[in-house]
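*Asks:* protein_4.tsv is the file, holding TSV, C-alpha atoms:
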```tsv
chain	number	residue	atom	x	y	z
A	5	MET	CA	62.65	125.49	309.77
A	6	THR	CA	62.86	122.23	311.68
A	7	VAL	CA	65.87	121.15	313.73
A	8	GLY	CA	66.64	118.48	311.12
A	9	GLU	CA	66.58	121.07	308.34
A	10	GLN	CA	68.84	123.36	310.35
A	11	ARG	CA	71.31	120.50	310.90
A	12	ARG	CA	71.29	119.61	307.18
A	13	LYS	CA	71.88	123.26	306.29
A	14	TYR	CA	74.76	123.51	308.75
A	15	ASP	CA	76.21	120.20	307.54
A	16	SER	CA	76.29	121.26	303.91
A	17	PRO	CA	78.85	120.06	301.33
A	18	VAL	CA	80.34	123.56	301.33
A	19	ARG	CA	80.86	123.51	305.10
A	20	ARG	CA	82.32	120.00	304.96
A	21	ARG	CA	84.75	121.10	302.26
A	22	GLN	CA	85.73	124.18	304.26
A	23	ALA	CA	86.23	122.08	307.37
A	24	ALA	CA	88.42	119.61	305.45
A	25	GLU	CA	90.45	122.48	304.01
A	26	THR	CA	90.96	124.03	307.45
A	27	ARG	CA	92.03	120.68	308.91
A	28	GLU	CA	94.44	120.20	306.01
A	29	ARG	CA	95.86	123.71	306.50
A	30	ILE	CA	96.48	122.97	310.19
A	31	ILE	CA	98.25	119.67	309.48
A	32	SER	CA	100.32	121.24	306.69
A	33	ALA	CA	101.30	124.07	309.04
A	34	GLY	CA	102.49	121.53	311.60
A	35	ALA	CA	104.55	119.69	308.99
A	36	ASP	CA	106.01	122.98	307.73
A	37	LEU	CA	107.00	123.93	311.27
A	38	LEU	CA	108.85	120.65	311.76
A	39	HIS	CA	110.65	121.06	308.44
A	40	GLY	CA	112.19	124.22	309.83
A	41	PHE	CA	113.66	122.55	312.91
A	42	PRO	CA	116.34	119.91	313.44
A	43	VAL	CA	115.02	116.33	313.19
A	44	TRP	CA	112.51	116.18	314.76
A	45	ASN	CA	111.99	118.87	317.35
A	46	TRP	CA	108.52	117.95	318.61
A	47	ARG	CA	108.80	120.55	321.38
A	48	ALA	CA	108.47	123.16	318.64
A	49	LEU	CA	105.16	121.65	317.51
A	50	THR	CA	102.68	123.41	319.79
A	51	VAL	CA	99.06	124.31	319.25
A	52	ARG	CA	100.01	127.99	319.46
A	53	GLY	CA	102.82	127.64	316.91
A	54	VAL	CA	100.67	125.65	314.50
A	55	ALA	CA	97.78	128.09	314.86
A	56	GLU	CA	100.06	131.01	314.01
A	57	ARG	CA	101.54	129.19	311.01
A	58	ALA	CA	98.07	128.16	309.75
A	59	ASP	CA	96.69	131.68	310.37
A	60	VAL	CA	93.89	130.43	312.60
A	61	ASN	CA	93.24	130.86	316.30
A	62	GLU	CA	94.07	128.19	318.87
A	63	ARG	CA	90.39	127.46	319.44
A	64	THR	CA	90.09	126.46	315.78
A	65	VAL	CA	92.98	123.99	316.15
A	66	TYR	CA	91.30	122.45	319.20
A	67	ARG	CA	88.06	122.16	317.23
A	68	TYR	CA	89.82	119.66	314.96
A	69	PHE	CA	92.28	118.14	317.43
A	70	ALA	CA	91.23	117.56	321.03
A	71	SER	CA	94.79	117.75	322.35
A	72	GLU	CA	98.32	118.62	321.35
A	73	GLY	CA	99.06	114.90	321.27
A	74	GLU	CA	96.28	114.31	318.75
A	75	LEU	CA	97.63	117.14	316.61
A	76	ARG	CA	101.12	115.64	316.72
A	77	ASP	CA	99.75	112.22	315.74
A	78	ALA	CA	98.10	113.78	312.67
A	79	VAL	CA	101.31	115.60	311.72
A	80	MET	CA	103.34	112.40	312.17
A	81	ALA	CA	100.92	110.59	309.87
A	82	ARG	CA	101.50	113.35	307.31
A	83	LEU	CA	105.28	113.03	307.60
A	84	GLU	CA	105.03	109.26	307.12
A	85	VAL	CA	103.03	109.82	303.93
A	86	GLU	CA	105.60	112.38	302.72
A	87	ALA	CA	108.42	109.94	303.44
A	88	ASP	CA	106.50	107.04	301.85
A	89	VAL	CA	106.80	105.09	305.11
A	90	VAL	CA	104.53	102.04	305.27
A	91	LEU	CA	105.26	99.82	308.25
A	92	GLU	CA	102.30	97.49	307.84
A	93	GLY	CA	103.42	94.29	306.13
A	94	LEU	CA	107.10	95.30	306.16
A	95	ALA	CA	109.20	92.36	304.92
A	96	LEU	CA	112.86	91.73	305.69
A	97	GLU	CA	113.86	92.24	302.07
A	98	ASP	CA	112.13	95.66	302.08
A	99	ILE	CA	114.08	97.12	305.01
A	100	ARG	CA	117.07	98.27	302.97
A	101	ASP	CA	114.97	100.30	300.50
A	102	HIS	CA	112.71	101.45	303.30
A	103	THR	CA	115.71	102.76	305.23
A	104	ALA	CA	116.95	104.63	302.15
A	105	ARG	CA	113.55	106.32	301.72
A	106	ILE	CA	113.33	107.33	305.38
A	107	LEU	CA	116.85	108.73	305.50
A	108	GLU	CA	116.44	110.54	302.17
A	109	TYR	CA	113.39	112.22	303.66
A	110	VAL	CA	115.13	112.99	306.95
A	111	SER	CA	117.96	114.60	305.00
A	112	SER	CA	115.53	117.36	303.99
A	113	PHE	CA	115.41	118.55	307.61
A	114	PRO	CA	118.05	120.81	309.14
A	115	LEU	CA	120.61	118.95	311.23
A	116	GLN	CA	121.89	119.94	314.63
A	117	SER	CA	125.09	118.63	316.11
A	118	ARG	CA	124.53	116.26	319.00
A	119	ALA	CA	128.17	116.45	320.01
A	120	PRO	CA	128.67	116.90	323.75
A	121	ASP	CA	129.61	120.34	324.99
A	122	ASP	CA	132.18	118.93	327.38
A	123	PRO	CA	135.71	119.34	325.92
A	124	THR	CA	136.88	116.05	327.43
A	125	LEU	CA	134.08	114.08	325.78
A	126	MET	CA	134.56	115.90	322.47
A	127	ALA	CA	138.26	115.05	322.51
A	128	ALA	CA	137.48	111.41	323.34
A	129	HIS	CA	135.01	111.22	320.43
A	130	ARG	CA	137.62	112.67	318.05
A	131	ARG	CA	140.20	110.08	319.19
A	132	GLN	CA	137.65	107.31	318.67
A	133	ARG	CA	136.86	108.49	315.13
A	134	VAL	CA	140.56	108.73	314.24
A	135	ALA	CA	141.21	105.24	315.65
A	136	LEU	CA	138.25	103.70	313.80
A	137	LEU	CA	139.21	105.29	310.48
A	138	ALA	CA	142.79	104.10	310.90
A	139	ALA	CA	141.64	100.54	311.68
A	140	VAL	CA	139.37	100.46	308.63
A	141	SER	CA	142.02	102.05	306.38
A	142	GLU	CA	144.58	99.45	307.38
A	143	ARG	CA	142.36	96.70	305.97
A	144	ALA	CA	140.71	98.69	303.17
A	145	HIS	CA	143.52	101.00	302.08
A	146	ASP	CA	142.52	100.61	298.42
A	147	TRP	CA	138.95	101.83	299.06
A	148	PRO	CA	138.03	105.44	298.30
A	149	HIS	CA	138.27	107.66	301.38
A	150	THR	CA	134.48	108.15	301.42
A	151	ASP	CA	133.84	104.39	301.65
A	152	ARG	CA	136.41	104.02	304.43
A	153	ALA	CA	134.78	106.92	306.28
A	154	ILE	CA	131.33	105.31	305.87
A	155	ALA	CA	132.57	102.01	307.29
A	156	ALA	CA	134.29	103.72	310.21
A	157	ALA	CA	131.22	105.86	310.88
A	158	MET	CA	128.97	102.78	310.98
A	159	LEU	CA	131.26	101.17	313.52
A	160	ASP	CA	131.20	104.41	315.53
A	161	VAL	CA	127.39	104.34	315.57
A	162	LEU	CA	127.30	100.68	316.59
A	163	TRP	CA	129.60	101.07	319.58
A	164	SER	CA	128.15	104.37	320.77
A	165	VAL	CA	126.55	104.77	324.17
A	166	ALA	CA	123.47	106.31	322.50
A	167	SER	CA	122.92	103.12	320.47
A	168	TYR	CA	123.37	100.99	323.58
A	169	GLU	CA	120.87	103.12	325.49
A	170	ARG	CA	118.31	102.75	322.72
A	171	LEU	CA	118.73	98.97	322.69
A	172	VAL	CA	118.27	98.74	326.44
A	173	VAL	CA	115.64	101.45	326.99
A	174	ASP	CA	113.56	101.46	323.79
A	175	TRP	CA	113.91	97.77	322.92
A	176	ASP	CA	113.94	96.56	326.54
A	177	LEU	CA	116.95	94.34	325.89
A	178	ASP	CA	119.03	93.04	328.76
A	179	PRO	CA	122.42	94.82	328.75
A	180	ARG	CA	124.15	91.55	327.76
A	181	GLU	CA	121.71	91.11	324.87
A	182	ALA	CA	122.33	94.70	323.75
A	183	ILE	CA	126.08	94.10	323.78
A	184	LYS	CA	125.62	90.83	321.90
A	185	GLY	CA	123.54	92.60	319.23
A	186	ALA	CA	125.97	95.47	318.80
A	187	THR	CA	129.03	93.24	318.58
A	188	TRP	CA	127.20	90.87	316.20
A	189	VAL	CA	126.59	93.67	313.70
A	190	ILE	CA	130.11	95.03	314.22
A	191	GLY	CA	131.35	91.55	313.31
A	192	LEU	CA	129.26	91.66	310.10
A	193	VAL	CA	130.76	95.03	309.15
A	194	GLU	CA	134.25	93.77	309.99
A	195	GLY	CA	133.67	90.70	307.82
A	196	ALA	CA	132.50	92.87	304.92
A	197	ILE	CA	135.63	95.04	305.21
A	198	ARG	CA	137.88	92.00	305.25
A	199	ALA	CA	136.05	90.61	302.20
A	200	GLY	CA	136.42	93.90	300.31
A	201	ASP	CA	132.64	94.36	300.25
A	202	ARG	CA	132.44	98.13	299.99
A	203	PRO	CA	129.35	100.15	301.03
A	204	ARG	CA	126.85	100.24	298.20
A	205	PRO	CA	123.45	101.83	297.65
```
Can you present the structure in this file as structure tokens?
*Replies:*
Amino acid sequence: MTVGEQRRKYDSPVRRRQAAETRERIISAGADLLHGFPVWNWRALTVRGVAERADVNERTVYRYFASEGELRDAVMARLEVEADVVLEGLALEDIRDHTARILEYVSSFPLQSRAPDDPTLMAAHRRQRVALLAAVSERAHDWPHTDRAIAAAMLDVLWSVASYERLVVDWDLDPREAIKGATWVIGLVEGAIRAGDRPRP
């Protein structure tokens, strides 16, 4: 048997199908692992963990993915397909529906409280939430409690330090620009509350 014949025999349709099935099993195992952890705990997505979940050895995982980073990229692509996330060609008028799809998908993951452990910070956060809900309720007292809570929660997210950090660190905005952006959107929410424009799907 010639080398070419040996290669053709090794690269048979059956072997290609088996390889595709193994790759699919590995990616599915990675996605399953992430579905069991709070959004999204990438530290839990290791070659060892995926290999165990897929019932293959680590060497097999590395045969399909050269690094843990490559494996995570493939799993992320799978999650984007599951969530129906398509960023290419995203138009402004699509963002609202796109957000709903992403968050509906994210809601299928377990949640973990990100509240600080420090009692002083926890108490400060509680006072902030009470103050925001009271401010919204004063203007929107005829709204259902859930809608008032949504409006207050959105304001809480907009003025949070975590949001500010993301604007400055991830978006590389100057601190003044980050503040301008946050207060701009807070103004839009305030205007909607004053106008009686309740949260809607």
*Asks:* Quick one: residues within 10 Å of range 50-62 of chain A, only C-alpha atoms, excluding same-chain residues fewer than 2 positions away - as a list in words?
*Replies:* Thr26, Arg27, Glu28, Arg29, Ile30, Ile31, Ser32, Ala33, Gly34, Ala35, Asp36, Leu37, Leu38, Trp46, Arg47, Ala48, Thr64, Val65, Tyr66, Arg67, Phe69, Ser71, Glu72, Gly73, Leu75 and Arg76 of chain A
*Asks:* Just the selected residues (C-alpha atoms), exported as a PDB file, keeping the file's coordinate frame, please.
*Replies:*
```
ATOM      1  CA  THR A  26      90.960 124.030 307.450  1.00  0.00           C
ATOM      2  CA  ARG A  27      92.030 120.680 308.910  1.00  0.00           C
ATOM      3  CA  GLU A  28      94.440 120.200 306.010  1.00  0.00           C
ATOM      4  CA  ARG A  29      95.860 123.710 306.500  1.00  0.00           C
ATOM      5  CA  ILE A  30      96.480 122.970 310.190  1.00  0.00           C
ATOM      6  CA  ILE A  31      98.250 119.670 309.480  1.00  0.00           C
ATOM      7  CA  SER A  32     100.320 121.240 306.690  1.00  0.00           C
ATOM      8  CA  ALA A  33     101.300 124.070 309.040  1.00  0.00           C
ATOM      9  CA  GLY A  34     102.490 121.530 311.600  1.00  0.00           C
ATOM     10  CA  ALA A  35     104.550 119.690 308.990  1.00  0.00           C
ATOM     11  CA  ASP A  36     106.010 122.980 307.730  1.00  0.00           C
ATOM     12  CA  LEU A  37     107.000 123.930 311.270  1.00  0.00           C
ATOM     13  CA  LEU A  38     108.850 120.650 311.760  1.00  0.00           C
ATOM     14  CA  TRP A  46     108.520 117.950 318.610  1.00  0.00           C
ATOM     15  CA  ARG A  47     108.800 120.550 321.380  1.00  0.00           C
ATOM     16  CA  ALA A  48     108.470 123.160 318.640  1.00  0.00           C
ATOM     17  CA  THR A  64      90.090 126.460 315.780  1.00  0.00           C
ATOM     18  CA  VAL A  65      92.980 123.990 316.150  1.00  0.00           C
ATOM     19  CA  TYR A  66      91.300 122.450 319.200  1.00  0.00           C
ATOM     20  CA  ARG A  67      88.060 122.160 317.230  1.00  0.00           C
ATOM     21  CA  PHE A  69      92.280 118.140 317.430  1.00  0.00           C
ATOM     22  CA  SER A  71      94.790 117.750 322.350  1.00  0.00           C
ATOM     23  CA  GLU A  72      98.320 118.620 321.350  1.00  0.00           C
ATOM     24  CA  GLY A  73      99.060 114.900 321.270  1.00  0.00           C
ATOM     25  CA  LEU A  75      97.630 117.140 316.610  1.00  0.00           C
ATOM     26  CA  ARG A  76     101.120 115.640 316.720  1.00  0.00           C
TER      27      ARG A  76
END
```
*Asks:* Calculate how many Å separate CA of Arg133 in chain A from CA of Arg100 in chain A, rounding to one decimal.
*Replies:*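 So the answer is 25.4 Å.
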*Asks:* Please identify all polymer residues within 10 Å of Val161 in chain A, counting all atoms listed in the file, omitting same-chain residues fewer than 6 positions from it, and present them as number ranges by chain.
*Replies:* A: 167-168, 186, 190
*Asks:* Tell me which protein, DNA and RNA residues are within 8 Å of Ile106 in chain A, counting only C-alpha atoms, leaving out same-chain ones fewer than 2 positions away, and put them as a ChimeraX atom specification.
*Replies:* /A:87-89,102-104,108-110
*Asks:* Nearest to His39 in chain A among A:Glu86, A:Glu181, A:Glu25, A:Asp146, with distances taken over only C-alpha atoms: which residue is it?
*Replies:* A:Glu86
*Asks:* Between CA of Asp201 in chain A and CA of His145 in chain A, what is the distance in Å, rounded to a tenth?
*Replies:*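 Going from CA of Asp201 in chain A over to CA of His145 in chain A covers 12.9 Å.
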*Asks:* Could you list, as a PyMOL selection string, every residue within 10 Å of Ala144 in chain A, counting only C-alpha atoms and ignoring same-chain residues fewer than 4 positions away?
*Replies:* chain A and resi 137-140+148-149+151-152+155+197-202
*Asks:* So how far away is CA of Trp163 in chain A from CA of Phe113 in chain A, in Å?
*Replies:*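 So the answer is 25.5 Å.
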*Asks:* Smallest atom-to-atom distance to Leu192 in chain A: which of A:Met158, A:Ala23, A:Leu177, A:Leu171, using all atoms listed in the file?
*Replies:* A:Met158
*Asks:* Please determine, counting all atoms listed in the file, which residue among A:Leu162, A:Leu115, A:Ile99, A:Leu125 has the shortest atom-to-atom distance to Pro42 in chain A.
*Replies:*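 Once distances to Pro42 in chain A are computed over all atoms listed in the file, the minimum belongs to A:Leu115.
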*Asks:* Which residue, A:Val90, A:Leu159, A:Ala24, A:Met126, has the smallest gap to Tyr68 in chain A when you use all atoms listed in the file?
*Replies:*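 With all atoms listed in the file as the atom set, the closest residue is A:Ala24.
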*Asks:* Which residue, A:Ser164, A:Asp176, A:Ser141, A:Ala157, has the smallest gap to Ala128 in chain A when you use all atoms listed in the file?
*Replies:* A:Ser164
